[in-house]
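File shown here: my_file35.txt, holding compact mmCIF, C-alpha atoms.
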# COMPACT_ATOMS: atom_id res chain seq x y z
CA MET R 1 -7.14 275.23 34.54
CA SER R 2 -4.03 276.40 36.32
CA ARG R 3 -0.68 274.62 36.45
CA ILE R 4 -0.87 270.84 36.11
CA GLU R 5 2.19 268.64 36.61
CA LEU R 6 2.46 265.16 35.09
CA ARG R 7 5.18 262.63 35.65
CA PHE R 8 5.80 259.40 33.72
CA GLY R 9 8.04 256.71 35.19
CA GLY R 10 9.37 253.43 33.86
CA MET R 11 12.38 251.72 32.35
CA GLY R 12 14.33 252.51 29.21
CA GLY R 13 12.49 251.22 26.14
CA GLN R 14 8.97 251.56 27.56
CA GLY R 15 8.28 254.80 25.71
CA ILE R 16 8.14 257.08 28.73
CA ILE R 17 9.66 260.08 26.98
CA THR R 18 7.42 259.52 23.96
CA MET R 19 4.32 259.71 26.17
CA ALA R 20 5.47 262.96 27.73
CA VAL R 21 6.38 264.52 24.38
CA LEU R 22 2.99 263.58 22.90
CA VAL R 23 1.06 265.05 25.83
CA GLY R 24 3.09 268.27 25.66
CA ASN R 25 2.50 268.54 21.93
CA ALA R 26 -1.22 267.95 22.26
CA ALA R 27 -1.59 270.53 25.01
CA VAL R 28 0.18 273.23 23.03
CA ILE R 29 -0.54 272.66 19.41
CA TYR R 30 -4.14 271.50 19.64
CA ASP R 31 -5.35 272.69 23.05
CA LYS R 32 -3.59 276.10 22.74
CA LYS R 33 -1.98 275.95 26.17
CA TYR R 34 1.59 276.35 27.36
CA ALA R 35 3.68 273.30 28.20
CA THR R 36 7.21 272.27 29.06
CA GLN R 37 8.55 268.75 28.82
CA THR R 38 11.69 267.67 30.64
CA GLN R 39 13.97 264.77 31.31
CA SER R 40 16.26 265.30 34.26
CA TYR R 41 19.08 262.87 34.49
CA GLY R 42 21.46 262.49 37.40
CA PRO R 43 23.33 259.64 38.99
CA GLU R 44 19.97 258.04 39.72
CA ALA R 45 19.34 257.76 35.96
CA ARG R 46 22.13 255.23 35.79
CA GLY R 47 19.84 252.68 37.39
CA SER R 48 17.08 251.27 35.27
CA ALA R 49 14.34 253.71 36.36
CA SER R 50 13.70 256.77 34.22
CA LYS R 51 11.20 259.59 34.32
CA ALA R 52 9.85 262.27 32.05
CA GLU R 53 7.69 265.21 33.06
CA VAL R 54 5.22 267.61 31.47
CA VAL R 55 3.92 270.84 32.95
CA ILE R 56 0.82 272.37 31.36
CA ASP R 57 -0.62 275.77 32.08
CA ASP R 58 -2.87 278.43 30.62
CA LYS R 59 -0.06 280.96 30.96
CA PRO R 60 3.70 280.91 30.29
CA ILE R 61 5.58 278.53 32.57
CA ASP R 62 8.49 279.76 34.69
CA TYR R 63 9.71 276.56 36.30
CA PRO R 64 9.59 273.69 33.80
CA LYS R 65 9.98 270.71 36.13
CA ALA R 66 7.37 269.01 38.30
CA ILE R 67 7.57 270.06 41.94
CA ASN R 68 4.69 267.98 43.36
CA PRO R 69 3.10 266.07 40.49
CA ASP R 70 -0.67 266.06 40.21
CA ILE R 71 -0.53 262.89 38.13
CA PHE R 72 1.98 260.03 38.09
CA VAL R 73 1.82 257.34 35.42
CA CYS R 74 4.09 254.45 36.29
CA PHE R 75 5.32 251.43 34.36
CA SER R 76 7.88 249.79 36.64
CA GLN R 77 8.39 248.88 40.27
CA GLU R 78 11.72 250.65 40.53
CA ALA R 79 10.30 253.86 39.07
CA TYR R 80 7.42 253.59 41.54
CA LYS R 81 9.83 253.35 44.43
CA LYS R 82 11.95 256.26 43.26
CA PHE R 83 9.42 258.70 41.91
CA SER R 84 6.06 258.23 43.68
CA LYS R 85 6.90 259.90 46.99
CA ASP R 86 6.23 263.47 45.95
CA LEU R 87 2.92 262.80 44.21
CA LYS R 88 0.71 265.36 45.89
CA ASP R 89 -2.21 264.78 48.25
CA ASN R 90 -5.31 263.85 46.25
CA GLY R 91 -3.02 263.18 43.30
CA ILE R 92 -3.84 260.62 40.63
CA LEU R 93 -1.68 257.51 40.43
CA ILE R 94 -2.02 255.34 37.32
CA VAL R 95 0.03 252.15 37.20
CA ASP R 96 0.38 249.16 34.93
CA GLU R 97 -1.24 246.63 37.19
CA ASP R 98 0.99 243.74 36.13
CA LEU R 99 4.21 245.69 36.53
CA VAL R 100 3.74 247.77 39.66
CA LYS R 101 2.72 246.63 43.12
CA ILE R 102 1.59 249.69 45.05
CA THR R 103 3.16 250.06 48.49
CA ASP R 104 3.34 252.91 51.01
CA GLU R 105 0.60 254.77 49.21
CA ASN R 106 -0.76 258.06 50.44
CA PRO R 107 -4.40 257.31 51.43
CA THR R 108 -5.62 260.44 49.62
CA TRP R 109 -4.33 259.33 46.21
CA LYS R 110 -6.82 258.27 43.57
CA ILE R 111 -5.40 255.04 42.22
CA TYR R 112 -6.10 253.42 38.85
CA ARG R 113 -4.70 250.05 37.80
CA ILE R 114 -4.54 249.54 34.04
CA PRO R 115 -3.26 246.32 32.41
CA ALA R 116 -1.65 248.33 29.61
CA LEU R 117 1.06 245.89 28.65
CA ARG R 118 -1.39 242.98 28.71
CA ILE R 119 -3.88 244.84 26.52
CA ALA R 120 -1.07 245.75 24.11
CA GLU R 121 0.11 242.15 23.85
CA GLU R 122 -3.29 240.45 23.75
CA GLU R 123 -5.42 242.93 21.83
CA LEU R 124 -2.86 244.73 19.65
CA LYS R 125 -0.29 241.89 19.38
CA SER R 126 2.52 244.33 20.14
CA SER R 127 4.08 245.09 23.49
CA LEU R 128 5.54 248.25 21.92
CA VAL R 129 2.20 250.07 22.10
CA ALA R 130 1.64 249.61 25.84
CA ASN R 131 2.52 253.28 26.21
CA MET R 132 -0.26 254.23 23.76
CA VAL R 133 -2.76 252.10 25.72
CA MET R 134 -1.67 253.99 28.81
CA LEU R 135 -2.05 257.36 27.06
CA GLY R 136 -5.64 256.41 26.27
CA ALA R 137 -6.25 255.52 29.91
CA LEU R 138 -4.60 258.73 31.11
CA THR R 139 -6.81 260.79 28.81
CA ALA R 140 -10.01 259.05 29.91
CA ILE R 141 -9.16 259.42 33.60
CA THR R 142 -7.73 262.93 33.72
CA ARG R 143 -8.88 264.82 30.60
CA VAL R 144 -5.62 266.72 30.94
CA VAL R 145 -5.56 266.99 27.15
CA GLY R 146 -8.43 266.71 24.69
CA VAL R 147 -9.13 263.28 23.18
CA GLU R 148 -8.93 264.56 19.62
CA SER R 149 -5.83 266.64 20.44
CA ILE R 150 -3.82 263.71 21.70
CA LYS R 151 -4.98 261.49 18.83
CA LYS R 152 -3.85 264.11 16.32
CA SER R 153 -0.54 264.40 18.12
CA ILE R 154 -0.06 260.61 17.92
CA ALA R 155 -1.04 260.39 14.26
CA GLU R 156 1.24 263.25 13.23
CA THR R 157 4.19 261.90 15.19
CA PHE R 158 3.85 258.34 13.87
CA PRO R 159 2.39 258.68 10.38
CA LYS R 160 3.51 255.18 9.40
CA TYR R 161 2.03 253.50 12.46
CA ASP R 162 -0.95 255.72 13.12
CA GLU R 163 -3.60 253.00 12.88
CA LEU R 164 -1.92 250.66 15.36
CA ASN R 165 -1.12 253.48 17.76
CA ILE R 166 -4.58 255.02 17.66
CA SER R 167 -6.16 251.60 18.07
CA ALA R 168 -3.99 251.02 21.15
CA PHE R 169 -4.98 254.45 22.48
CA ASN R 170 -8.67 253.62 21.98
CA HIS R 171 -8.35 250.31 23.84
CA GLY R 172 -6.81 252.07 26.83
CA TYR R 173 -9.37 254.85 26.67
CA GLU R 174 -12.35 252.48 26.67
CA TYR R 175 -10.89 250.34 29.45
CA ALA R 176 -10.30 253.32 31.72
CA LYS R 177 -13.62 254.99 30.90
CA LYS R 178 -15.37 252.08 32.63
CA LEU R 179 -13.24 252.55 35.75
CA VAL R 180 -14.01 256.25 35.90
CA LYS R 181 -17.75 255.62 35.64
CA GLU R 182 -17.77 253.06 38.44
CA MET U 1 33.95 270.97 31.89
CA SER U 2 31.42 273.30 33.46
CA ARG U 3 27.87 273.94 32.24
CA ILE U 4 27.37 273.42 28.50
CA GLU U 5 24.10 274.36 26.80
CA LEU U 6 23.01 272.78 23.52
CA ARG U 7 20.02 273.73 21.42
CA PHE U 8 18.56 271.81 18.47
CA GLY U 9 16.17 273.53 16.08
CA GLY U 10 14.10 272.33 13.15
CA MET U 11 10.64 271.29 12.04
CA GLY U 12 8.38 268.53 13.34
CA GLY U 13 9.46 265.18 11.96
CA GLN U 14 13.17 266.00 11.64
CA GLY U 15 14.07 264.18 14.84
CA ILE U 16 15.10 267.21 16.87
CA ILE U 17 13.84 265.85 20.19
CA THR U 18 15.44 262.48 19.47
CA MET U 19 18.83 264.14 19.00
CA ALA U 20 18.52 265.98 22.29
CA VAL U 21 17.35 262.89 24.19
CA LEU U 22 20.24 260.82 22.82
CA VAL U 23 22.84 263.43 23.77
CA GLY U 24 21.40 263.74 27.27
CA ASN U 25 21.41 259.96 27.69
CA ALA U 26 24.98 259.63 26.48
CA ALA U 27 26.21 262.36 28.80
CA VAL U 28 24.64 260.83 31.87
CA ILE U 29 24.65 257.10 31.42
CA TYR U 30 28.00 256.69 29.68
CA ASP U 31 29.92 259.88 30.44
CA LYS U 32 28.76 259.99 34.11
CA LYS U 33 27.70 263.63 34.01
CA TYR U 34 24.49 265.43 34.88
CA ALA U 35 22.08 266.52 32.16
CA THR U 36 18.61 267.94 31.66
CA GLN U 37 16.67 267.81 28.43
CA THR U 38 13.72 270.09 27.75
CA GLN U 39 11.13 271.03 25.21
CA SER U 40 9.47 274.35 25.90
CA TYR U 41 6.35 274.96 23.95
CA GLY U 42 4.44 278.19 23.79
CA PRO U 43 2.39 279.98 21.19
CA GLU U 44 5.52 280.06 19.02
CA ALA U 45 5.48 276.25 18.87
CA ARG U 46 2.30 276.44 16.85
CA GLY U 47 4.35 277.53 13.87
CA SER U 48 6.49 274.96 12.17
CA ALA U 49 9.71 275.66 14.06
CA SER U 50 10.51 273.57 17.10
CA LYS U 51 13.44 273.34 19.47
CA ALA U 52 14.84 270.96 22.05
CA GLU U 53 17.60 271.69 24.53
CA VAL U 54 20.15 269.80 26.59
CA VAL U 55 22.19 271.14 29.48
CA ILE U 56 25.21 269.09 30.58
CA ASP U 57 27.31 269.70 33.66
CA ASP U 58 29.71 267.94 36.01
CA LYS U 59 27.46 268.86 38.92
CA PRO U 60 23.69 268.85 39.54
CA ILE U 61 21.82 271.34 37.35
CA ASP U 62 19.55 273.97 38.88
CA TYR U 63 18.09 275.63 35.82
CA PRO U 64 17.30 273.05 33.14
CA LYS U 65 16.82 275.32 30.11
CA ALA U 66 19.42 276.94 27.89
CA ILE U 67 19.99 280.60 28.73
CA ASN U 68 22.65 281.40 26.12
CA PRO U 69 23.41 278.25 24.17
CA ASP U 70 27.03 277.33 23.57
CA ILE U 71 26.02 275.20 20.60
CA PHE U 72 23.10 275.49 18.19
CA VAL U 73 22.36 272.71 15.69
CA CYS U 74 19.81 273.87 13.14
CA PHE U 75 17.79 272.05 10.49
CA SER U 76 15.38 274.68 9.16
CA GLN U 77 15.31 278.31 8.10
CA GLU U 78 12.42 279.19 10.36
CA ALA U 79 14.12 277.64 13.38
CA TYR U 80 17.27 279.56 12.49
CA LYS U 81 15.35 282.82 12.46
CA LYS U 82 13.61 282.13 15.74
CA PHE U 83 16.26 280.46 17.83
CA SER U 84 19.73 281.63 16.71
CA LYS U 85 19.76 285.08 18.28
CA ASP U 86 20.84 284.08 21.75
CA LEU U 87 23.65 281.76 20.68
CA LYS U 88 26.50 283.14 22.73
CA ASP U 89 29.62 284.95 21.54
CA ASN U 90 32.14 282.42 20.25
CA GLY U 91 29.32 279.87 20.15
CA ILE U 92 29.26 277.00 17.67
CA LEU U 93 26.61 277.07 14.96
CA ILE U 94 26.06 273.86 12.97
CA VAL U 95 23.50 273.96 10.16
CA ASP U 96 22.29 271.69 7.43
CA GLU U 97 23.80 273.56 4.53
CA ASP U 98 20.99 272.78 2.11
CA LEU U 99 18.23 273.80 4.53
CA VAL U 100 19.56 276.89 6.28
CA LYS U 101 20.93 280.08 4.78
CA ILE U 102 22.86 281.90 7.49
CA THR U 103 21.95 285.57 7.89
CA ASP U 104 22.66 288.18 10.56
CA GLU U 105 25.35 286.01 12.07
CA ASN U 106 27.43 287.11 15.01
CA PRO U 107 31.00 287.44 13.64
CA THR U 108 32.43 285.56 16.63
CA TRP U 109 30.44 282.38 15.96
CA LYS U 110 32.24 279.31 14.69
CA ILE U 111 30.09 278.11 11.82
CA TYR U 112 29.95 274.60 10.33
CA ARG U 113 27.86 273.70 7.31
CA ILE U 114 27.00 269.99 7.06
CA PRO U 115 24.95 268.48 4.20
CA ALA U 116 23.28 266.09 6.63
CA LEU U 117 20.06 265.50 4.73
CA ARG U 118 21.96 265.05 1.44
CA ILE U 119 24.35 262.54 3.02
CA ALA U 120 21.38 260.67 4.53
CA GLU U 121 19.59 260.48 1.19
CA GLU U 122 22.59 259.75 -1.03
CA GLU U 123 24.77 257.57 1.20
CA LEU U 124 22.22 255.94 3.52
CA LYS U 125 19.21 255.99 1.16
CA SER U 126 16.99 257.33 3.96
CA SER U 127 16.15 260.91 4.75
CA LEU U 128 15.02 259.73 8.20
CA VAL U 129 18.61 259.41 9.44
CA ALA U 130 19.67 262.98 8.66
CA ASN U 131 19.50 263.63 12.40
CA MET U 132 21.97 260.79 13.03
CA VAL U 133 24.35 262.20 10.41
CA MET U 134 24.13 265.51 12.25
CA LEU U 135 24.77 263.85 15.61
CA GLY U 136 27.97 262.42 14.15
CA ALA U 137 29.00 265.87 12.94
CA LEU U 138 28.13 267.44 16.30
CA THR U 139 30.27 264.87 18.11
CA ALA U 140 33.27 265.35 15.81
CA ILE U 141 33.10 269.14 16.08
CA THR U 142 32.31 269.63 19.76
CA ARG U 143 33.27 266.43 21.65
CA VAL U 144 30.46 267.38 24.01
CA VAL U 145 29.83 263.68 24.53
CA GLY U 146 32.18 260.76 23.94
CA VAL U 147 32.02 259.02 20.55
CA GLU U 148 31.48 255.60 22.08
CA SER U 149 28.95 257.01 24.57
CA ILE U 150 26.69 258.48 21.93
CA LYS U 151 26.98 255.38 19.74
CA LYS U 152 25.92 253.19 22.66
CA SER U 153 23.05 255.56 23.36
CA ILE U 154 21.91 255.29 19.71
CA ALA U 155 22.24 251.51 19.58
CA GLU U 156 20.33 250.99 22.83
CA THR U 157 17.55 253.36 21.84
CA PHE U 158 17.07 251.89 18.37
CA PRO U 159 17.98 248.21 18.70
CA LYS U 160 16.14 247.31 15.50
CA TYR U 161 17.79 250.01 13.42
CA ASP U 162 21.17 250.24 15.07
CA GLU U 163 23.25 249.45 11.97
CA LEU U 164 21.61 252.09 9.80
CA ASN U 165 21.70 254.70 12.52
CA ILE U 166 25.31 254.05 13.51
CA SER U 167 26.33 254.07 9.86
CA ALA U 168 24.64 257.46 9.44
CA PHE U 169 26.38 258.72 12.57
CA ASN U 170 29.74 257.57 11.19
CA HIS U 171 29.17 259.33 7.87
CA GLY U 172 28.49 262.61 9.64
CA TYR U 173 31.40 262.11 11.99
CA GLU U 174 33.89 261.51 9.18
CA TYR U 175 32.56 264.42 7.12
CA ALA U 176 32.87 266.86 10.00
CA LYS U 177 36.24 265.57 11.18
CA LYS U 178 37.72 266.85 7.93
CA LEU U 179 36.25 270.31 8.51
CA VAL U 180 37.64 270.46 12.03
CA LYS U 181 41.14 269.55 10.85
CA GLU U 182 41.22 272.21 8.13

Structure encoded using structure tokens:
Amino acid sequence: MSRIELRFGGMGGQGIITMAVLVGNAAVIYDKKYATQTQSYGPEARGSASKAEVVIDDKPIDYPKAINPDIFVCFSQEAYKKFSKDLKDNGILIVDEDLVKITDENPTWKIYRIPALRIAEEELKSSLVANMVMLGALTAITRVVGVESIKKSIAETFPKYDELNISAFNHGYEYAKKLVKE
Amino acid sequence: MSRIELRFGGMGGQGIITMAVLVGNAAVIYDKKYATQTQSYGPEARGSASKAEVVIDDKPIDYPKAINPDIFVCFSQEAYKKFSKDLKDNGILIVDEDLVKITDENPTWKIYRIPALRIAEEELKSSLVANMVMLGALTAITRVVGVESIKKSIAETFPKYDELNISAFNHGYEYAKKLVKE
């Protein structure tokens, strides 16, 4: 695997940075790769859309920000509008299907719609773990980090809430696995 | 103010990334500056020392990582050993005085020793807020972000624990203010 660029977009409070940090951790500590994780803020960050990025590679990384993301995981309409344009041809777009209406898509994108917030609320009884549901889906769809690696990263980062978070991850993973098989 | 580079070092679980994210948020959303926040992981991240960086500027930032930090906030001996060397001449070094023994220091550094973990445990009854105590100290010493900006950033990020976190911040701020006056 050569350089892979991931971008996460959403609003403050949706756990976007947490997702990116967990993926970076998993890639490095458990998958033995190199990774950088960045938030870039500018005047555009003063709106309600925020993004976080992870770059993963087998070798040391010179430029730590995403140039043309391979994967974009998106949790809000405004983030979709601002940050989807440079998703590359044949890139993977994963959105929360209740929060993002896809417009102006590039016809080469592979698109996955995951009801992450709905699964979190209905199955886990906590909207706070929608990001963990989405991490499960991301892992099933892209295999960008190992399943056990990302689970270890989650459990070590949230030792007090590991069961809830891992359960949310598993729900997202199983949901998305069916989509990938279809 | 031109480009300012901050580095935070410590072990997993000490809230290093959280500190960096909060400072970046405060600088951009409340102080109307530009900022980037990065974690760079490599083989060295597989040890127990981790670091997170923030770059703040009045204008858009090209290179998002710290080259020679102006400020280094350090929470563990191993992180001190790994990440202190490139703190610049006349840079500001802030350490948890119970966790870091300063060795091989550059004689031009301005050094501040803050018992952040001890204050968190004794005054706030929670070791988890040592990073907030340190953020208060950092703000009092460096003024790199506005006091009200960083408090708003903390309160918005942790709405359920805002009182505890802000109280911890205030303890660190008051402790360090005395050191700065001396």

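Pairwise distance (CA of Ser76 (chain R), CA of Glu5 (chain R)) equals 19.7 Å.
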
Q | Who sits within 8 Å of His171 (chain U), all atoms listed in the file, same chain under 4 positions skipped, as a ChimeraX atom specification | A | /U:119,133,136,167,175

Would you mind exporting C-alpha atoms of the selected residues as a tab-separated table (two decimals), in the frame of the given file?
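New file selection_20.tsv:
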chain	number	residue	atom	x	y	z
U	119	ILE	CA	24.35	262.54	3.02
U	133	VAL	CA	24.35	262.20	10.41
U	136	GLY	CA	27.97	262.42	14.15
U	167	SER	CA	26.33	254.07	9.86
U	175	TYR	CA	32.56	264.42	7.12

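Minimum distance to chain R across U:Met11, U:Val145, U:Ala120, U:Ala35 (counting all atoms listed in the file) occurs at U:Ala35.
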
Q.
Applying 8 Å and all atoms listed in the file, which residues near Ile94 (chain R) remain after dropping the ones on its own chain fewer than 2 positions away? List them as a PyMOL selection string.
A. chain R and resi 71-74+92+96+111-114+138

Q: Would you kindly return, as a count of residues only, each protein, DNA or RNA residue with an atom no farther than 12 Å from any atom of Met134 (chain U), considering all atoms listed in the file and excluding same-chain residues fewer than 4 positions away?
A: 47

Q: Select residues of chain U: the criterion is any atom within 9 Å of an atom of chain R, counting all atoms listed in the file; output as a ChimeraX atom specification.
A: /U:12-13,17,21,24-25,28-30,32-43,45-47,59-61,63-65,156-157

Q) Which residue, R:Ala49, R:Leu99, R:Leu6, R:Leu22, has the smallest gap to Ile67 (chain R) when you use all atoms listed in the file? A)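 Looking at the shortest contact to Ile67 (chain R), the residue is R:Leu6.
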
Q: Could you please determine the separation between CA of Ser84 (chain R) and CA of Arg7 (chain R) in Å, to one decimal place?
A: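 Between CA of Ser84 (chain R) and CA of Arg7 (chain R) the gap is 9.2 Å.
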
Q. Hey, can you check how far CA of Asn106 (chain U) sits from CA of Asp89 (chain U)?
A.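 Atom-to-atom, CA of Asn106 (chain U) to CA of Asp89 (chain U), that is 7.2 Å.
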
Q) Thr108 (chain R): which residues within 12 Å, counting all atoms listed in the file, same-chain residues fewer than 3 positions away excluded, as a PyMOL selection string? A) chain R and resi 87-93+104-105+111

Q: Compare R:Ile4, R:Val180, R:Ala26, R:Met132 by their minimum atom-to-atom distance to Ser149 (chain R), counting only C-alpha atoms, and give me the closest one.
A: R:Ala26

Assuming 8 Å of padding per side, give the centre and edge lengths of the axis-aligned box around every listed atom of region 146-151 of chain U, in Å to one decimal and as AutoDock Vina command-line options.
--center_x 29.4 --center_y 258.1 --center_z 22.2 --size_x 21.5 --size_y 21.4 --size_z 20.8
